[in-house]
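**Q** This structure is in structure tokens; I'll ask about it shortly.
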Amino acid sequence: MTRTAGAQIGCQRPSRFWGLGCPKIYHEVEDTLVSFLGGLALMVLFGVSINMISMIALLMAIGILMDDAIVISESIEHEYAKGKTPGQASIDGTKKVFRGVFSSYLTSAFLFGSLLMMKGDIGQILGVLLVVLLSVLTVSLIEAMLVLPHHLKHSLEHAHEKGRPAWRQRIDDGFLRMRDAAGRAADTAIRYRYLTLGLALAMLVFSVGLIATGMVKFKAFPDLEGNTVDARVLLPQGTPLEETEAVVQHLLEALDKTNRELSRNELEPLVRNVQVTFGAHADVPENGAHLATITLAASHGERSEGW
């Protein structure tokens, strides 16, 4: 039975270290370094400095350009395994994946190019991502298509003359056995496709259930420290307004005492403003005289941590 292509590709990446040895890995890493150096040169040309946004763009570019180098290297190695000469394998392997790699470059360019359509301060900040990413990816595309195949040609010639040690052949055989085992597992999953689909849906429902039941917490953005503090009062329903006012007054007196004690060594009082709202509570879906909210504004957010 024919093994699936995904299982074959999944086991090829570890074996490339042993297939040609360290020189191949060196050339892939070299492609990354050259791309970053070229990208930094273009950043200087476009007037982009090294800051948090540009550093994030450089980190995002690592995975994209490393994938391009790996795809080209594996394609050349695949052509060489067919019995072709190192030079012909480098040419045919590069031509074989040129369209795919160039399409990946265009996809990234169009995707991040949409950031230029954003207006305002956010658009100006995120526009730096586009400049840095395109600079690095453009240099990487040129280096991967014109320089990397030539380097791999020399590595293949060296590996062809030197031969493959026995210990490396044993390791390659081990990776091939892993590939065959993954292929058999994929064939089994295809044969029992309804069971496979059912297990996948069950895992999806289980994952969603973990979030829905609160076992796995989810928060899109972390809580940021601010200069305001809310004290919310929730009394039993039916509590008259006079009792709510008494509780609020007690809290205000305690606040005033605390503010005087903590502001002795400060240039200004820690609490700048206090606002009281009756009948409002952000944590309960109800209203009435038994609810109240005390909102105070602090002078500095970092100083409000002590109280």
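A note on labels: chains of the structure tokens are A, B, ... as shown, every chain counts residues from 1, and ligands are counted from 1 in their shown order.
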Can you list, as a PyMOL selection string, every protein, DNA or RNA residue that comes within 12 Å of A:Ile53 when you count only C-alpha atoms, leaving out same-chain residues fewer than 5 positions away?
**A** chain A and resi 48+58-60+122+124-133
**Q** Just to confirm, what's the straight-line distance from atom CA of A:Val34 to atom CA of A:Phe110 in Å (one decimal)?
**A**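 We find that atom CA of A:Val34 and atom CA of A:Phe110 lie 23.5 Å from each other.
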**Q** If you measure from atom CA of A:Ala166 to atom CA of A:Glu30, what distance in Å do you get, rounded to one decimal?
**A** 28.2 Å
**Q** Please provide the set of residues having any atom within 8 Å of A:Gly288, restricted to only C-alpha atoms, with same-chain residues fewer than 3 positions apart removed, written as an MDAnalysis selection string.
**A** chainID A and resid 237 279:280 291
**Q** Which one is closest to A:Arg260: A:Ala181, A:Leu37, A:Val205, A:Arg272? Count only C-alpha atoms.
**A**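 Residue with the minimum atom-to-atom distance to A:Arg260: A:Arg272.
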**Q** Enter the distance from atom CA of A:Glu143 to atom CA of A:Phe112, in Å, rounded to one decimal.
**A**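 Atom-to-atom, atom CA of A:Glu143 and atom CA of A:Phe112 are spaced 21.3 Å apart.
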**Q** So which residues touch A:Leu148 within 12 Å, counting only C-alpha atoms, skipping near sequence neighbours fewer than 3 positions away, as a PyMOL selection string?
**A** chain A and resi 23-32+34-35+68-74+76+90-91+93-94+140-145+151-155
**Q** Save the residues we just selected, N, CA, C and O atoms, as a compact mmCIF listing (two decimals), in the first residue's frame?
**A**
```txt
# COMPACT_ATOMS: atom_id res chain seq x y z
N PRO A 23 27.61 20.16 7.10
CA PRO A 23 27.66 21.24 6.11
C PRO A 23 26.30 21.69 5.62
O PRO A 23 26.07 22.88 5.40
N LYS A 24 25.36 20.75 5.46
CA LYS A 24 24.04 21.14 4.99
C LYS A 24 23.32 22.00 6.01
O LYS A 24 22.69 23.01 5.68
N ILE A 25 23.40 21.61 7.27
CA ILE A 25 22.80 22.43 8.32
C ILE A 25 23.48 23.80 8.38
O ILE A 25 22.83 24.83 8.58
N TYR A 26 24.78 23.80 8.19
CA TYR A 26 25.52 25.07 8.22
C TYR A 26 25.02 26.01 7.14
O TYR A 26 24.84 27.21 7.39
N HIS A 27 24.76 25.50 5.94
CA HIS A 27 24.32 26.37 4.85
C HIS A 27 22.91 26.90 5.12
O HIS A 27 22.59 28.04 4.75
N GLU A 28 22.05 26.10 5.74
CA GLU A 28 20.71 26.58 6.08
C GLU A 28 20.77 27.68 7.13
O GLU A 28 20.04 28.67 7.05
N VAL A 29 21.62 27.50 8.13
CA VAL A 29 21.78 28.54 9.15
C VAL A 29 22.43 29.78 8.53
O VAL A 29 22.08 30.92 8.87
N GLU A 30 23.37 29.55 7.62
CA GLU A 30 24.01 30.68 6.94
C GLU A 30 22.98 31.50 6.15
O GLU A 30 23.07 32.73 6.12
N ASP A 31 22.03 30.81 5.54
CA ASP A 31 20.96 31.52 4.81
C ASP A 31 20.19 32.43 5.75
O ASP A 31 19.85 33.56 5.40
N THR A 32 19.94 31.95 6.96
CA THR A 32 19.22 32.78 7.94
C THR A 32 20.04 34.00 8.34
O THR A 32 19.53 35.13 8.41
N VAL A 34 22.54 35.48 6.70
CA VAL A 34 22.68 36.42 5.58
C VAL A 34 21.38 37.20 5.38
O VAL A 34 21.39 38.41 5.11
N SER A 35 20.25 36.52 5.53
CA SER A 35 18.96 37.20 5.37
C SER A 35 18.77 38.28 6.43
O SER A 35 18.29 39.38 6.12
N ASP A 68 11.75 28.05 3.93
CA ASP A 68 12.17 28.14 2.53
C ASP A 68 13.50 27.42 2.32
O ASP A 68 13.67 26.67 1.34
N ALA A 69 14.46 27.65 3.22
CA ALA A 69 15.76 27.00 3.08
C ALA A 69 15.65 25.49 3.22
O ALA A 69 16.30 24.73 2.49
N ILE A 70 14.80 25.04 4.13
CA ILE A 70 14.63 23.59 4.34
C ILE A 70 13.98 22.96 3.12
O ILE A 70 14.38 21.87 2.67
N VAL A 71 12.97 23.60 2.55
CA VAL A 71 12.28 23.05 1.38
C VAL A 71 13.25 22.91 0.21
O VAL A 71 13.28 21.88 -0.47
N ILE A 72 14.05 23.93 -0.05
CA ILE A 72 15.00 23.87 -1.17
C ILE A 72 16.06 22.80 -0.91
O ILE A 72 16.43 22.04 -1.81
N SER A 73 16.57 22.73 0.32
CA SER A 73 17.60 21.74 0.64
C SER A 73 17.08 20.32 0.46
O SER A 73 17.76 19.46 -0.11
N GLU A 74 15.88 20.06 0.94
CA GLU A 74 15.33 18.71 0.82
C GLU A 74 15.01 18.37 -0.62
O GLU A 74 15.14 17.21 -1.04
N ILE A 76 16.69 19.44 -3.28
CA ILE A 76 17.97 19.12 -3.91
C ILE A 76 18.47 17.75 -3.48
O ILE A 76 18.96 16.95 -4.29
N SER A 90 21.18 20.15 -7.95
CA SER A 90 20.95 21.50 -7.41
C SER A 90 20.05 22.30 -8.33
O SER A 90 19.16 23.02 -7.88
N ILE A 91 20.27 22.16 -9.65
CA ILE A 91 19.45 22.91 -10.61
C ILE A 91 18.02 22.39 -10.62
O ILE A 91 17.05 23.16 -10.51
N GLY A 93 16.44 20.49 -8.40
CA GLY A 93 15.77 20.63 -7.11
C GLY A 93 15.28 22.04 -6.86
O GLY A 93 14.19 22.26 -6.33
N THR A 94 16.07 23.03 -7.28
CA THR A 94 15.65 24.42 -7.11
C THR A 94 14.49 24.76 -8.03
O THR A 94 13.52 25.43 -7.61
N SER A 140 16.19 36.81 1.82
CA SER A 140 16.18 35.35 1.97
C SER A 140 15.82 34.65 0.68
O SER A 140 16.41 33.62 0.33
N LEU A 141 14.85 35.20 -0.07
CA LEU A 141 14.46 34.59 -1.34
C LEU A 141 15.61 34.60 -2.34
O LEU A 141 15.88 33.60 -3.01
N ILE A 142 16.31 35.73 -2.44
CA ILE A 142 17.44 35.83 -3.37
C ILE A 142 18.57 34.88 -2.96
O ILE A 142 19.15 34.17 -3.79
N GLU A 143 18.86 34.84 -1.66
CA GLU A 143 19.95 33.98 -1.18
C GLU A 143 19.60 32.51 -1.34
O GLU A 143 20.46 31.70 -1.73
N ALA A 144 18.32 32.14 -1.07
CA ALA A 144 17.93 30.74 -1.15
C ALA A 144 17.89 30.24 -2.58
O ALA A 144 18.16 29.06 -2.84
N MET A 145 17.57 31.09 -3.53
CA MET A 145 17.45 30.67 -4.92
C MET A 145 18.77 30.73 -5.69
O MET A 145 18.99 29.95 -6.61
N HIS A 151 26.04 26.38 -2.75
CA HIS A 151 26.70 25.85 -1.57
C HIS A 151 26.37 24.37 -1.38
O HIS A 151 27.25 23.57 -1.04
N LEU A 152 25.11 24.01 -1.59
CA LEU A 152 24.73 22.61 -1.43
C LEU A 152 25.39 21.73 -2.50
O LEU A 152 25.63 20.55 -2.26
N LYS A 153 25.64 22.29 -3.65
CA LYS A 153 26.34 21.53 -4.70
C LYS A 153 27.72 21.10 -4.21
O LYS A 153 28.12 19.94 -4.39
N HIS A 154 28.44 22.01 -3.59
CA HIS A 154 29.75 21.66 -3.06
C HIS A 154 29.64 20.64 -1.93
O HIS A 154 30.48 19.73 -1.80
N SER A 155 28.59 20.77 -1.09
CA SER A 155 28.40 19.79 -0.01
C SER A 155 28.12 18.41 -0.57
O SER A 155 28.62 17.40 -0.05
```
**Q** Considering only C-alpha atoms, return as a VMD selection string whatever protein or nucleic-acid residues lie within 12 Å of A:Gly83, sequence-local ones (same chain, fewer than 6 positions apart) excluded.
**A** chain A and resid 76 to 77 89 156 160
**Q** Name all residues at most 10 Å from A:Glu243 (count only C-alpha atoms; drop same-chain ones fewer than 6 positions away) and give them as a ChimeraX atom specification.
**A** /A:235,249,289-290
